[in-house]
Structures are given as C-alpha cells and as structure tokens.
>>> print(open('structure12.pdb').read())   # PDB, C-alpha atoms
ATOM      1  CA  MET A1463       0.000   0.000   0.000
ATOM      2  CA  ILE A1464       1.325   3.449  -0.898
ATOM      3  CA  LEU A1465       0.328   6.844   0.396
ATOM      4  CA  ALA A1466       1.024  10.300  -1.053
ATOM      5  CA  THR A1467       0.154  13.667   0.410
ATOM      6  CA  LEU A1468      -1.127  16.746  -1.560
ATOM      7  CA  GLY A1469      -1.962  20.186  -0.143
ATOM      8  CA  PHE A1470      -3.802  23.297  -1.360
ATOM      9  CA  GLY A1471      -3.036  26.966  -0.769
ATOM     10  CA  THR A1472      -3.653  30.116  -2.740
ATOM     11  CA  PHE A1473      -1.320  32.832  -3.908
ATOM     12  CA  ALA A1474      -2.508  35.941  -5.697
ATOM     13  CA  GLY A1475      -0.056  38.003  -7.660
ATOM     14  CA  SER A1476       1.900  35.767 -10.030
ATOM     15  CA  ALA A1477       3.341  37.310 -13.164
ATOM     16  CA  THR A1478       0.171  36.392 -15.046
ATOM     17  CA  SER A1479      -2.116  37.458 -12.190
ATOM     18  CA  GLN A1480      -3.384  33.879 -11.993
ATOM     19  CA  GLN A1481      -4.287  32.568  -8.630
ATOM     20  CA  LYS A1482      -2.033  29.688  -7.734
ATOM     21  CA  GLN A1483      -2.862  26.765  -5.533
ATOM     22  CA  ALA A1484      -0.676  24.136  -3.974
ATOM     23  CA  ILE A1485      -1.750  20.703  -2.865
ATOM     24  CA  SER A1486      -0.158  17.852  -1.015
ATOM     25  CA  ALA A1487      -1.538  14.340  -1.650
ATOM     26  CA  THR A1488      -1.519  10.860  -0.210
ATOM     27  CA  VAL A1489      -1.920   7.934  -2.594
ATOM     28  CA  THR A1490      -3.155   4.529  -1.508
ATOM     29  CA  GLY A1491      -3.320   1.324  -3.506
ATOM     30  CA  ASN A1492      -0.968  -0.571  -5.760
ATOM     31  CA  ASP A1493       1.273   2.326  -6.784
ATOM     32  CA  GLN A1494       4.778   0.894  -6.323
ATOM     33  CA  LYS A1495       6.888  -0.383  -9.216
ATOM     34  CA  VAL A1496       4.142   0.595 -11.679
ATOM     35  CA  GLY A1497       5.478   3.935 -13.005
ATOM     36  CA  PHE A1498       3.309   5.991 -10.677
ATOM     37  CA  ARG A1499       5.730   8.834  -9.875
ATOM     38  CA  ALA A1500       6.677   9.023 -13.561
ATOM     39  CA  MET A1501       2.983   9.382 -14.436
ATOM     40  CA  VAL A1502       2.594  12.179 -11.869
ATOM     41  CA  MET A1503       5.582  13.963 -13.413
ATOM     42  CA  LYS A1504       4.122  13.599 -16.917
ATOM     43  CA  GLN A1505       0.947  15.297 -15.655
ATOM     44  CA  ALA A1506       3.056  18.110 -14.187
ATOM     45  CA  ILE A1507       4.838  18.496 -17.534
ATOM     46  CA  GLU A1508       1.590  18.488 -19.531
ATOM     47  CA  TYR A1509      -0.102  21.083 -17.303
ATOM     48  CA  ASP A1510       3.064  23.083 -16.437
ATOM     49  CA  LEU A1511       2.805  22.462 -12.685
ATOM     50  CA  ALA A1512       5.551  22.739 -10.091
ATOM     51  CA  GLY A1513       5.998  20.353  -7.170
ATOM     52  CA  SER A1514       7.584  17.011  -6.397
ATOM     53  CA  ALA A1515       6.996  13.285  -6.032
ATOM     54  CA  LYS A1516       8.840  10.822  -3.841
ATOM     55  CA  ASN A1517       8.516   7.597  -1.919
ATOM     56  CA  ASP A1518       8.829   8.054   1.820
ATOM     57  CA  LYS A1519      10.802   5.639   3.987
ATOM     58  CA  ASP A1520       7.776   3.295   4.109
ATOM     59  CA  GLU A1521       7.448   3.312   0.296
ATOM     60  CA  ILE A1522       4.488   5.645   0.447
ATOM     61  CA  VAL A1523       4.196   7.948  -2.575
ATOM     62  CA  GLU A1524       3.983  11.584  -1.568
ATOM     63  CA  PHE A1525       3.569  14.368  -4.094
ATOM     64  CA  THR A1526       2.773  18.045  -4.330
ATOM     65  CA  LEU A1527       1.444  20.086  -7.206
ATOM     66  CA  GLN A1528       1.431  23.860  -7.509
ATOM     67  CA  GLY A1529      -0.050  26.102 -10.167
ATOM     68  CA  ASP A1530      -3.369  26.976 -11.771
ATOM     69  CA  ALA A1531      -6.285  25.374  -9.882
ATOM     70  CA  ASP A1532      -8.014  24.047 -13.017
ATOM     71  CA  ARG A1533      -4.781  22.466 -14.213
ATOM     72  CA  ILE A1534      -4.214  20.827 -10.835
ATOM     73  CA  ASP A1535      -7.748  19.423 -11.003
ATOM     74  CA  ALA A1536      -7.107  18.021 -14.504
ATOM     75  CA  ALA A1537      -3.816  16.466 -13.401
ATOM     76  CA  LEU A1538      -5.463  14.942 -10.315
ATOM     77  CA  ALA A1539      -8.204  13.389 -12.448
ATOM     78  CA  ALA A1540      -5.561  11.568 -14.498
ATOM     79  CA  ILE A1541      -3.531  10.637 -11.412
ATOM     80  CA  ARG A1542      -6.615   9.105  -9.807
ATOM     81  CA  GLU A1543      -6.960   6.880 -12.888
ATOM     82  CA  GLY A1544      -3.466   5.517 -12.160
ATOM     83  CA  THR A1545      -1.173   3.743 -14.600
ATOM     84  CA  LYS A1546      -1.808   0.639 -16.694
ATOM     85  CA  LYS A1547      -0.123  -1.456 -13.992
ATOM     86  CA  SER A1548      -1.508   0.243 -10.859
ATOM     87  CA  SER A1549      -4.758  -0.704  -9.131
ATOM     88  CA  ASN A1550      -7.049   0.394  -6.312
ATOM     89  CA  ILE A1551      -5.650   3.940  -6.414
ATOM     90  CA  GLY A1552      -6.965   6.465  -3.938
ATOM     91  CA  VAL A1553      -5.719  10.051  -3.710
ATOM     92  CA  SER A1554      -6.346  12.232  -0.655
ATOM     93  CA  THR A1555      -5.545  15.933  -0.947
ATOM     94  CA  VAL A1556      -4.957  18.704   1.554
ATOM     95  CA  ALA A1557      -4.109  22.363   1.179
ATOM     96  CA  ALA A1558      -0.462  23.371   1.121
ATOM     97  CA  ALA A1559       1.297  26.711   1.144
ATOM     98  CA  VAL A1560       2.233  28.116  -2.258
ATOM     99  CA  ASN A1561       5.948  28.674  -2.760
ATOM    100  CA  PRO A1562       6.157  31.639  -5.176
ATOM    101  CA  ASN A1563       9.791  30.743  -5.958
ATOM    102  CA  LEU A1564       9.126  27.129  -6.992
ATOM    103  CA  SER A1565       9.752  26.700 -10.729
ATOM    104  CA  THR A1566      10.358  22.962 -11.109
ATOM    105  CA  PHE A1567       8.732  19.582 -10.661
ATOM    106  CA  THR A1568      11.117  16.997  -9.222
ATOM    107  CA  VAL A1569      10.939  13.232  -8.840
ATOM    108  CA  VAL A1570      13.309  12.231  -6.045
ATOM    109  CA  ASP A1571      15.275   8.969  -6.303
ATOM    110  CA  TRP A1572      13.517   7.641  -9.420
ATOM    111  CA  THR A1573      14.263   4.056 -10.458
ATOM    112  CA  SER A1574      12.608   1.774 -13.006
ATOM    113  CA  THR A1575      11.715  -1.839 -12.360
ATOM    114  CA  SER A1576      10.615  -2.422 -15.974
ATOM    115  CA  ARG A1577      13.920  -1.089 -17.335
ATOM    116  CA  ASN A1578      16.057  -2.662 -14.558
ATOM    117  CA  ILE A1579      17.372   0.776 -13.538
ATOM    118  CA  THR A1580      18.290   0.498  -9.864
ATOM    119  CA  THR A1581      20.477   3.595  -9.488
ATOM    120  CA  PRO A1582      18.285   6.380  -8.031
ATOM    121  CA  TYR A1583      18.081   9.538 -10.158
ATOM    122  CA  THR A1584      16.598  12.941  -9.421
ATOM    123  CA  LEU A1585      14.493  13.962 -12.427
ATOM    124  CA  VAL A1586      13.742  17.668 -12.869
ATOM    125  CA  PHE A1587      11.247  19.438 -15.133
ATOM    126  CA  LYS A1588      11.577  23.235 -15.399
ATOM    127  CA  LEU A1589       8.325  25.167 -15.869
ATOM    128  CA  ARG A1590       7.835  26.655 -19.316
ATOM    129  CA  ALA A1591       8.332  30.407 -19.628
ATOM    130  CA  ASP A1592       5.031  30.757 -21.521
ATOM    131  CA  ASP A1593       3.106  28.746 -18.874
ATOM    132  CA  SER A1594       1.435  26.730 -21.628
ATOM    133  CA  VAL A1595      -0.441  23.444 -21.498
ATOM    134  CA  ILE A1596       0.981  20.909 -23.972
ATOM    135  CA  THR A1597      -0.307  17.662 -25.480
ATOM    136  CA  LYS A1598       0.160  14.265 -23.835
ATOM    137  CA  LYS A1599       2.537  13.329 -26.667
ATOM    138  CA  ASP A1600       4.640  16.461 -26.158
ATOM    139  CA  ALA A1601       4.676  15.802 -22.385
ATOM    140  CA  LYS A1602       5.873  12.256 -23.027
ATOM    141  CA  ASP A1603       8.585  13.590 -25.366
ATOM    142  CA  ALA A1604       9.682  16.080 -22.680
ATOM    143  CA  TRP A1605       9.747  13.228 -20.118
ATOM    144  CA  HIS A1606      11.947  11.186 -22.454
ATOM    145  CA  ASP A1607      14.290  14.162 -22.943
ATOM    146  CA  ILE A1608      14.615  14.498 -19.141
ATOM    147  CA  LEU A1609      15.526  10.809 -18.901
ATOM    148  CA  LYS A1610      18.068  11.101 -21.745
ATOM    149  CA  THR A1611      19.790  14.087 -20.123
ATOM    150  CA  THR A1612      19.736  12.655 -16.582
ATOM    151  CA  LEU A1613      20.517   8.946 -16.830
ATOM    152  CA  LYS A1614      24.144   7.851 -17.105
ATOM    153  CA  GLY A1615      26.136   4.961 -18.571
ATOM    154  CA  GLU A1616      24.419   1.598 -18.836
ATOM    155  CA  ASP A1617      21.150   3.034 -17.489
ATOM    156  CA  LEU A1618      20.947   5.422 -20.437
ATOM    157  CA  LYS A1619      21.343   2.490 -22.834
ATOM    158  CA  LYS A1620      18.265   0.820 -21.270
ATOM    159  CA  LEU A1621      15.899   3.512 -22.576
ATOM    160  CA  GLY A1622      13.745   2.713 -25.555
ATOM    161  CA  ASP A1623      12.352   5.173 -28.077
ATOM    162  CA  ASP A1624       8.934   4.880 -26.474
ATOM    163  CA  ASP A1625       9.930   5.388 -22.805
TER     164      ASP A1625
END
>>> encode(input="structure12.pdb", output="structure tokens")
Amino acid sequence: MILATLGFGTFAGSATSQQKQAISATVTGNDQKVGFRAMVMKQAIEYDLAGSAKNDKDEIVEFTLQGDADRIDAALAAIREGTKKSSNIGVSTVAAAVNPNLSTFTVVDWTSTSRNITTPYTLVFKLRADDSVITKKDAKDAWHDILKTTLKGEDLKKLGDDD
C-alpha cells in the first residue's frame, strides 16, 4: 500500500495574475513499481505544474502540485486513474502553502523496475516560460528528454524510443 500527500493553498499576484494553488496528496493502492511517480511527473509536464513526487521511507508515494487550480484538477483526475499497472488507487488531498519561488517539478530517487534501472536519479522538469499546457505526446517527449539528459552509462542504454 502506498500513500502520497497533496496540499492546497492560494497565492494571488503571479506574473500572469493567476491565482495559484498548492496541494499535497496521499496515494493509496498498488502504486509501487508501476510507473506511478513518472505518471505524476508527466501530468506536471503536460499542465506546467511545479511540485515534487517521492517515496517516503515506508514506500508511500507523496507528491505536491502547484499552479493553476483548473490544471491541478485536470492532473489529479488523471492521477486518480493511475497507470496501466496500478490498481485500487486512492488520492487524498490537503491544502499546502504556495511557494512563489518554486519553478520545477522533481521526482526524487527515481528508479525503473521495468527497465532494470536500480540507481536512483533525481528527475527535474523546469516550468515553461510561456506557462502553456501541452499535449500528452509532447509531455511524453519532454519526459523522455529528461531521462536522456539525466541517466548515465548503462542506465541510459536501457531507454527505448517509447519510454
């Protein structure tokens, strides 16, 4: 069983005058070794959201999202669906304070069971300057680019064109 924590908070006065929210979430269900944190990051990339995702010491997935409220809601809807390999996913959210200086989404200590990548990597997505929403395909391409620029040595060779 895995848990993740999301929180909400509001911040008025961003460069685009959008109101920002931040959430912290707890995920329950079969969310380990199924690409769950990667899927959360792909949602952050698609919707241009800041935050982070990690497994805590008890292998509980914790993540935060920060940005436009409607985009967070759209990302959460997809996250609640889970991945092809996950099951019985539940996501509990709570409000969190907005960090006006946060400009990245980070997956801490990412590994991949399906690719046999056991070295933990920190994967970082930098928010787009134009604050745009992109397609799922473009988000997947951006995810792949992050992997290609982060992974090293033999791990890099384990990536396929469709990762």
>>> residues_around(input="structure12.pdb", residues="segment 1525-1534 of chain A", least_positions_apart="2", cutoff="8 Å", atoms="all atoms listed in the file", output="number ranges by chain")
A: 1466-1469, 1480-1488, 1506, 1509-1516, 1523, 1536-1538, 1560
>>> write_last_selection(input="structure12.pdb", atoms="C-alpha atoms", output="compact mmCIF listing (two decimals), in the frame of the given file")
# COMPACT_ATOMS: atom_id res chain seq x y z
CA ALA A 1466 1.02 10.30 -1.05
CA THR A 1467 0.15 13.67 0.41
CA LEU A 1468 -1.13 16.75 -1.56
CA GLY A 1469 -1.96 20.19 -0.14
CA GLN A 1480 -3.38 33.88 -11.99
CA GLN A 1481 -4.29 32.57 -8.63
CA LYS A 1482 -2.03 29.69 -7.73
CA GLN A 1483 -2.86 26.76 -5.53
CA ALA A 1484 -0.68 24.14 -3.97
CA ILE A 1485 -1.75 20.70 -2.86
CA SER A 1486 -0.16 17.85 -1.01
CA ALA A 1487 -1.54 14.34 -1.65
CA THR A 1488 -1.52 10.86 -0.21
CA ALA A 1506 3.06 18.11 -14.19
CA TYR A 1509 -0.10 21.08 -17.30
CA ASP A 1510 3.06 23.08 -16.44
CA LEU A 1511 2.80 22.46 -12.68
CA ALA A 1512 5.55 22.74 -10.09
CA GLY A 1513 6.00 20.35 -7.17
CA SER A 1514 7.58 17.01 -6.40
CA ALA A 1515 7.00 13.28 -6.03
CA LYS A 1516 8.84 10.82 -3.84
CA VAL A 1523 4.20 7.95 -2.58
CA ALA A 1536 -7.11 18.02 -14.50
CA ALA A 1537 -3.82 16.47 -13.40
CA LEU A 1538 -5.46 14.94 -10.32
CA VAL A 1560 2.23 28.12 -2.26
>>> closest_residue(input="structure12.pdb", among="A:Ser1548, A:Thr1555, A:Thr1580, A:Gln1494", to="Lys1614 of chain A", atoms="only C-alpha atoms")
A:Thr1580
>>> closest_residue(input="structure12.pdb", among="A:Val1586, A:Leu1613, A:Val1489, A:Ala1604", to="Glu1524 of chain A", atoms="only C-alpha atoms")
A:Val1489
>>> closest_residue(input="structure12.pdb", among="A:Leu1618, A:Asp1593, A:Lys1602, A:Leu1609", to="Lys1504 of chain A", atoms="all atoms listed in the file")
A:Lys1602
>>> residues_around(input="structure12.pdb", residues="Glu1508 of chain A", least_positions_apart="4", cutoff="6 Å", atoms="all atoms listed in the file", output="list in words")
Val1595, Ile1596 and Ala1601 of chain A
>>> resolve_selection(input="structure12.pdb", expression="the PyMOL selection byres ((chain A and resi 1542) around 8)", output="number ranges by chain")
A: 1538-1541, 1543-1544, 1551-1553
>>> residues_around(input="structure12.pdb", residues="Gly1615 of chain A", least_positions_apart="6", cutoff="12 Å", atoms="all atoms listed in the file", output="count of residues only")
3
>>> atom_distance(input="structure12.pdb", atom1="atom CA of Asn1550 of chain A", atom2="atom CA of Thr1490 of chain A")
7.4 Å
>>> resolve_selection(input="structure12.pdb", expression="the PyMOL selection byres ((chain A and resi 1584) around 6)", output="list in words")
Val1569, Val1570, Asp1571, Tyr1583 and Leu1585 of chain A
>>> atom_distance(input="structure12.pdb", atom1="atom CA of Asp1607 of chain A", atom2="atom CA of Ile1507 of chain A")
11.7 Å
>>> atom_distance(input="structure12.pdb", atom1="atom CA of Ala1500 of chain A", atom2="atom CA of Thr1612 of chain A")
13.9 Å
>>> axis_aligned_box(input="structure12.pdb", around="segment 1515-1524 of chain A", padding_each_side="3 Å", output="JSON")
{"center_x": 7.4, "center_y": 8.3, "center_z": -1.0, "size_x": 12.8, "size_y": 16.0, "size_z": 16.1}
>>> decode(input="structure12.pdb", residues="segment 1504-1541 of chain A", atoms="N, CA and C atoms", output="PDB file, in the first residue's frame")
ATOM      1  N   LYS A1504       4.629  13.320 -15.570  1.00  0.00           N
ATOM      2  CA  LYS A1504       4.122  13.599 -16.917  1.00  0.00           C
ATOM      3  C   LYS A1504       2.908  14.529 -16.856  1.00  0.00           C
ATOM      4  N   GLN A1505       2.081  14.380 -15.828  1.00  0.00           N
ATOM      5  CA  GLN A1505       0.947  15.297 -15.655  1.00  0.00           C
ATOM      6  C   GLN A1505       1.454  16.705 -15.347  1.00  0.00           C
ATOM      7  N   ALA A1506       2.473  16.803 -14.504  1.00  0.00           N
ATOM      8  CA  ALA A1506       3.056  18.110 -14.187  1.00  0.00           C
ATOM      9  C   ALA A1506       3.630  18.763 -15.446  1.00  0.00           C
ATOM     10  N   ILE A1507       4.280  17.965 -16.283  1.00  0.00           N
ATOM     11  CA  ILE A1507       4.838  18.496 -17.534  1.00  0.00           C
ATOM     12  C   ILE A1507       3.711  18.970 -18.453  1.00  0.00           C
ATOM     13  N   GLU A1508       2.695  18.135 -18.630  1.00  0.00           N
ATOM     14  CA  GLU A1508       1.590  18.488 -19.531  1.00  0.00           C
ATOM     15  C   GLU A1508       0.917  19.793 -19.105  1.00  0.00           C
ATOM     16  N   TYR A1509       0.651  19.931 -17.807  1.00  0.00           N
ATOM     17  CA  TYR A1509      -0.102  21.083 -17.303  1.00  0.00           C
ATOM     18  C   TYR A1509       0.778  22.199 -16.742  1.00  0.00           C
ATOM     19  N   ASP A1510       2.104  22.061 -16.887  1.00  0.00           N
ATOM     20  CA  ASP A1510       3.064  23.083 -16.437  1.00  0.00           C
ATOM     21  C   ASP A1510       2.874  23.398 -14.956  1.00  0.00           C
ATOM     22  N   LEU A1511       2.973  22.348 -14.131  1.00  0.00           N
ATOM     23  CA  LEU A1511       2.805  22.462 -12.685  1.00  0.00           C
ATOM     24  C   LEU A1511       4.125  22.200 -11.974  1.00  0.00           C
ATOM     25  N   ALA A1512       4.375  22.953 -10.926  1.00  0.00           N
ATOM     26  CA  ALA A1512       5.551  22.739 -10.091  1.00  0.00           C
ATOM     27  C   ALA A1512       5.205  21.733  -8.996  1.00  0.00           C
ATOM     28  N   GLY A1513       6.225  21.255  -8.292  1.00  0.00           N
ATOM     29  CA  GLY A1513       5.998  20.353  -7.170  1.00  0.00           C
ATOM     30  C   GLY A1513       7.044  19.269  -7.109  1.00  0.00           C
ATOM     31  N   SER A1514       6.649  18.123  -6.533  1.00  0.00           N
ATOM     32  CA  SER A1514       7.584  17.011  -6.397  1.00  0.00           C
ATOM     33  C   SER A1514       6.828  15.717  -6.144  1.00  0.00           C
ATOM     34  N   ALA A1515       7.532  14.612  -6.342  1.00  0.00           N
ATOM     35  CA  ALA A1515       6.996  13.285  -6.032  1.00  0.00           C
ATOM     36  C   ALA A1515       8.133  12.443  -5.483  1.00  0.00           C
ATOM     37  N   LYS A1516       7.824  11.688  -4.434  1.00  0.00           N
ATOM     38  CA  LYS A1516       8.840  10.822  -3.841  1.00  0.00           C
ATOM     39  C   LYS A1516       8.157   9.679  -3.113  1.00  0.00           C
ATOM     40  N   ASN A1517       8.939   8.659  -2.819  1.00  0.00           N
ATOM     41  CA  ASN A1517       8.516   7.597  -1.919  1.00  0.00           C
ATOM     42  C   ASN A1517       9.085   7.924  -0.552  1.00  0.00           C
ATOM     43  N   ASP A1518       8.277   7.838   0.484  1.00  0.00           N
ATOM     44  CA  ASP A1518       8.829   8.054   1.820  1.00  0.00           C
ATOM     45  C   ASP A1518       9.525   6.767   2.277  1.00  0.00           C
ATOM     46  N   LYS A1519      10.033   6.782   3.486  1.00  0.00           N
ATOM     47  CA  LYS A1519      10.802   5.639   3.987  1.00  0.00           C
ATOM     48  C   LYS A1519       9.975   4.361   4.043  1.00  0.00           C
ATOM     49  N   ASP A1520       8.656   4.465   4.086  1.00  0.00           N
ATOM     50  CA  ASP A1520       7.776   3.295   4.109  1.00  0.00           C
ATOM     51  C   ASP A1520       7.223   2.965   2.724  1.00  0.00           C
ATOM     52  N   GLU A1521       7.885   3.493   1.683  1.00  0.00           N
ATOM     53  CA  GLU A1521       7.448   3.312   0.296  1.00  0.00           C
ATOM     54  C   GLU A1521       6.030   3.818   0.074  1.00  0.00           C
ATOM     55  N   ILE A1522       5.754   4.949   0.663  1.00  0.00           N
ATOM     56  CA  ILE A1522       4.488   5.645   0.447  1.00  0.00           C
ATOM     57  C   ILE A1522       4.771   6.793  -0.516  1.00  0.00           C
ATOM     58  N   VAL A1523       4.009   6.872  -1.610  1.00  0.00           N
ATOM     59  CA  VAL A1523       4.196   7.948  -2.575  1.00  0.00           C
ATOM     60  C   VAL A1523       3.609   9.228  -2.000  1.00  0.00           C
ATOM     61  N   GLU A1524       4.418  10.250  -1.976  1.00  0.00           N
ATOM     62  CA  GLU A1524       3.983  11.584  -1.568  1.00  0.00           C
ATOM     63  C   GLU A1524       4.255  12.516  -2.737  1.00  0.00           C
ATOM     64  N   PHE A1525       3.299  13.396  -3.043  1.00  0.00           N
ATOM     65  CA  PHE A1525       3.569  14.368  -4.094  1.00  0.00           C
ATOM     66  C   PHE A1525       2.862  15.680  -3.795  1.00  0.00           C
ATOM     67  N   THR A1526       3.382  16.728  -4.398  1.00  0.00           N
ATOM     68  CA  THR A1526       2.773  18.045  -4.330  1.00  0.00           C
ATOM     69  C   THR A1526       2.631  18.572  -5.749  1.00  0.00           C
ATOM     70  N   LEU A1527       1.631  19.384  -5.937  1.00  0.00           N
ATOM     71  CA  LEU A1527       1.444  20.086  -7.206  1.00  0.00           C
ATOM     72  C   LEU A1527       1.142  21.543  -6.882  1.00  0.00           C
ATOM     73  N   GLN A1528       1.656  22.434  -7.708  1.00  0.00           N
ATOM     74  CA  GLN A1528       1.431  23.860  -7.509  1.00  0.00           C
ATOM     75  C   GLN A1528       1.234  24.521  -8.855  1.00  0.00           C
ATOM     76  N   GLY A1529       0.218  25.365  -8.943  1.00  0.00           N
ATOM     77  CA  GLY A1529      -0.050  26.102 -10.167  1.00  0.00           C
ATOM     78  C   GLY A1529      -1.516  26.462 -10.268  1.00  0.00           C
ATOM     79  N   ASP A1530      -1.987  26.623 -11.498  1.00  0.00           N
ATOM     80  CA  ASP A1530      -3.369  26.976 -11.771  1.00  0.00           C
ATOM     81  C   ASP A1530      -4.305  25.897 -11.225  1.00  0.00           C
ATOM     82  N   ALA A1531      -5.362  26.312 -10.534  1.00  0.00           N
ATOM     83  CA  ALA A1531      -6.285  25.374  -9.882  1.00  0.00           C
ATOM     84  C   ALA A1531      -6.942  24.418 -10.874  1.00  0.00           C
ATOM     85  N   ASP A1532      -7.376  24.912 -12.034  1.00  0.00           N
ATOM     86  CA  ASP A1532      -8.014  24.047 -13.017  1.00  0.00           C
ATOM     87  C   ASP A1532      -7.036  23.009 -13.556  1.00  0.00           C
ATOM     88  N   ARG A1533      -5.796  23.401 -13.727  1.00  0.00           N
ATOM     89  CA  ARG A1533      -4.781  22.466 -14.213  1.00  0.00           C
ATOM     90  C   ARG A1533      -4.469  21.401 -13.162  1.00  0.00           C
ATOM     91  N   ILE A1534      -4.419  21.811 -11.910  1.00  0.00           N
ATOM     92  CA  ILE A1534      -4.214  20.827 -10.835  1.00  0.00           C
ATOM     93  C   ILE A1534      -5.357  19.824 -10.838  1.00  0.00           C
ATOM     94  N   ASP A1535      -6.585  20.318 -10.971  1.00  0.00           N
ATOM     95  CA  ASP A1535      -7.748  19.423 -11.003  1.00  0.00           C
ATOM     96  C   ASP A1535      -7.653  18.432 -12.165  1.00  0.00           C
ATOM     97  N   ALA A1536      -7.236  18.903 -13.341  1.00  0.00           N
ATOM     98  CA  ALA A1536      -7.107  18.021 -14.504  1.00  0.00           C
ATOM     99  C   ALA A1536      -6.019  16.973 -14.266  1.00  0.00           C
ATOM    100  N   ALA A1537      -4.901  17.404 -13.703  1.00  0.00           N
ATOM    101  CA  ALA A1537      -3.816  16.466 -13.401  1.00  0.00           C
ATOM    102  C   ALA A1537      -4.271  15.432 -12.374  1.00  0.00           C
ATOM    103  N   LEU A1538      -4.975  15.873 -11.340  1.00  0.00           N
ATOM    104  CA  LEU A1538      -5.463  14.942 -10.315  1.00  0.00           C
ATOM    105  C   LEU A1538      -6.435  13.923 -10.892  1.00  0.00           C
ATOM    106  N   ALA A1539      -7.265  14.331 -11.833  1.00  0.00           N
ATOM    107  CA  ALA A1539      -8.204  13.389 -12.448  1.00  0.00           C
ATOM    108  C   ALA A1539      -7.437  12.256 -13.123  1.00  0.00           C
ATOM    109  N   ALA A1540      -6.375  12.593 -13.835  1.00  0.00           N
ATOM    110  CA  ALA A1540      -5.561  11.568 -14.498  1.00  0.00           C
ATOM    111  C   ALA A1540      -4.795  10.724 -13.471  1.00  0.00           C
ATOM    112  N   ILE A1541      -4.283  11.358 -12.444  1.00  0.00           N
ATOM    113  CA  ILE A1541      -3.531  10.637 -11.412  1.00  0.00           C
ATOM    114  C   ILE A1541      -4.439   9.632 -10.706  1.00  0.00           C
TER     115      ILE A1541
END
